[in-house]
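These notes are about the structure you will find just below.
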Amino acid sequence: SEELTPYLRKTLKNINKDNKHKLLIIRGAGKAFCSGGNIKKMLVKKSVKVNKSFAEKVSSLNKKQKELTGMLYNIRIPTLAVITGACAGAGFSLALACDLRLGNRDAFFISNYSKIGLSGDYGISWFLSRLLGESKSKEIMFLNNRIYCKEALHLGLLNLLIEKNFEKEVKSIVDILCSQSTIALKYIKKNIMLSKDSTLNKSFKYEAEHLIKCS
């Protein structure tokens, strides 16, 4: 929501400024992870003329995207999305920007953008196509079918599906992550992110540099 995202952006900036944090967990306060933007407000905004040029509107949204899912994806510590219910629209992008996604039996994903005449934002096309490929990403965004927990696990939208003792199992995973070396996890994350655009020889170099920094 417009009320929540400024707080989340501020939190991400603060985490990047210090070395106190080992893990960032994002989850919804209620029964949903994030049900997407306020559709009524979006439709009102589309119908009301805003006194901004096209370039200004693009620049404003681009800045918001970089400061939210862009910063979340690139943040140095591991990030965990805990999904208990709907994960829709920009919330879908938010979950995909996290390193790991855990869900319960109520978790489901849905794009919903094209239903309201929008093409997607906050990196959803980039995240989806890298995770699932071009064709599956188009299917998800064209058809807006709900992807329920078991299919989400099969596709890789969920890393883990926890069907029993949810809070206990989530805590166990959090404990495992927090018990490990912060610097090692930081460089594991960096190695994997760099590998997407690297040759094997470049990956050797990055891994050598980062391993020595850990030791």
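By convention here, the chains of the structure tokens are called A, B, ... in the order presented, each chain's residues are numbered starting at 1, and ligands are numbered starting at 1 in the order presented.
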*asked:* Going by DSSP on the backbone, which residues of region 71-157 of chain A come out as alpha helix (DSSP H)? List them as a ChimeraX atom specification.
replied: /A:71-74,90-96,124-132,134-143,149-155
For Pro78 (chain A), find every residue with an atom within 7 Å (counting only C-alpha atoms), except residues of its own chain fewer than 5 positions away, and show them as a tab-separated table (two decimals) with N, CA, C and O atoms, in the first residue's frame.
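Generated file (out_36.tsv):
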```tsv
chain	number	residue	atom	x	y	z
A	23	LEU	N	19.35	-11.21	9.02
A	23	LEU	CA	18.29	-11.74	8.19
A	23	LEU	C	17.13	-10.75	8.15
A	23	LEU	O	16.82	-10.12	9.16
A	24	LEU	N	16.49	-10.64	6.99
A	24	LEU	CA	15.28	-9.82	6.86
A	24	LEU	C	14.11	-10.73	6.52
A	24	LEU	O	14.16	-11.48	5.54
A	99	ASP	N	15.15	-13.78	-1.29
A	99	ASP	CA	16.00	-14.93	-1.58
A	99	ASP	C	15.26	-16.25	-1.43
A	99	ASP	O	15.45	-17.17	-2.23
```
_With only C-alpha atoms as the counted atoms, please give the residues lying no more than 6 Å from region 178-188 of chain A, apart from itself and same-chain residues fewer than 3 positions off, as a PyMOL selection string._
chain A and resi 22+76-77+175+191
Let's have the selection written as an mmCIF file, in the first residue's frame, with N, CA, C and O atoms.
```cif
data_model
loop_
_atom_site.group_PDB
_atom_site.id
_atom_site.type_symbol
_atom_site.label_atom_id
_atom_site.label_comp_id
_atom_site.auth_asym_id
_atom_site.auth_seq_id
_atom_site.Cartn_x
_atom_site.Cartn_y
_atom_site.Cartn_z
ATOM 1 N N LYS A 22 21.215 -9.888 10.544
ATOM 2 C CA LYS A 22 21.625 -11.137 9.916
ATOM 3 C C LYS A 22 20.617 -11.629 8.894
ATOM 4 O O LYS A 22 20.958 -12.388 7.993
ATOM 5 N N ARG A 76 22.404 -6.941 1.165
ATOM 6 C CA ARG A 76 23.521 -7.854 1.392
ATOM 7 C C ARG A 76 23.156 -9.077 2.231
ATOM 8 O O ARG A 76 23.826 -10.118 2.139
ATOM 9 N N ILE A 77 22.115 -8.997 3.068
ATOM 10 C CA ILE A 77 21.763 -10.124 3.943
ATOM 11 C C ILE A 77 20.689 -10.998 3.303
ATOM 12 O O ILE A 77 19.975 -10.551 2.405
ATOM 13 N N ASP A 175 16.252 -19.831 12.617
ATOM 14 C CA ASP A 175 17.362 -20.148 13.527
ATOM 15 C C ASP A 175 18.574 -20.675 12.762
ATOM 16 O O ASP A 175 19.718 -20.323 13.074
ATOM 17 N N ASN A 191 27.975 -14.238 -4.870
ATOM 18 C CA ASN A 191 28.513 -15.149 -5.893
ATOM 19 C C ASN A 191 27.418 -15.614 -6.851
ATOM 20 O O ASN A 191 27.603 -15.636 -8.077
#
```
*Coordinates-based distance that separates CA of Ser172 (chain A) from CA of Ile26 (chain A) (Å, one decimal)*: 16.1 Å
*Find the residues around Ala81 (chain A) up to 8 Å (only C-alpha atoms counted), leave out those fewer than 3 positions away in its own chain, and share them as JSON, numbers by chain.*
{"A": [25, 26, 27, 95, 98, 99, 100, 101, 102]}
*Using backbone DSSP assignments, extract all strand (DSSP E) residues from region 5-211 of chain A; output them as number ranges by chain.*
A: 24-27, 79-83, 86-88, 100-103, 108-110, 147-148, 160-161
*May I have the residues within 10 Å of region 136-138 of chain A as a PyMOL selection string, using only C-alpha atoms and disregarding those fewer than 4 positions away in the same chain?*
chain A and resi 111+124-132+142-144+155
*Just give me the gap between CA of Ser93 (chain A) and CA of Lys57 (chain A) in Å, one decimal is fine.*
20.0 Å
_When you count only C-alpha atoms, which of these residues is closest to Tyr73 (chain A): A:Leu96, A:Cys34, A:Ile212, A:Leu200?_
A:Leu96
*Nearest to Tyr7 (chain A) by atom-to-atom distance, counting only C-alpha atoms, from A:Glu67, A:Glu207, A:Glu134, A:Asp197*: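 Once distances to Tyr7 (chain A) are computed over only C-alpha atoms, the minimum belongs to A:Glu67.
Across the model, the gap from CA of Asn51 (chain A) to CA of Leu94 (chain A) is 28.9 Å.
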*asked:* Which residue is closest to Thr11 (chain A)? Choose from A:Ser53, A:Gly36, A:Ile75, A:Leu161 and count only C-alpha atoms.
replied: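 The closest residue to Thr11 (chain A) is A:Ile75.
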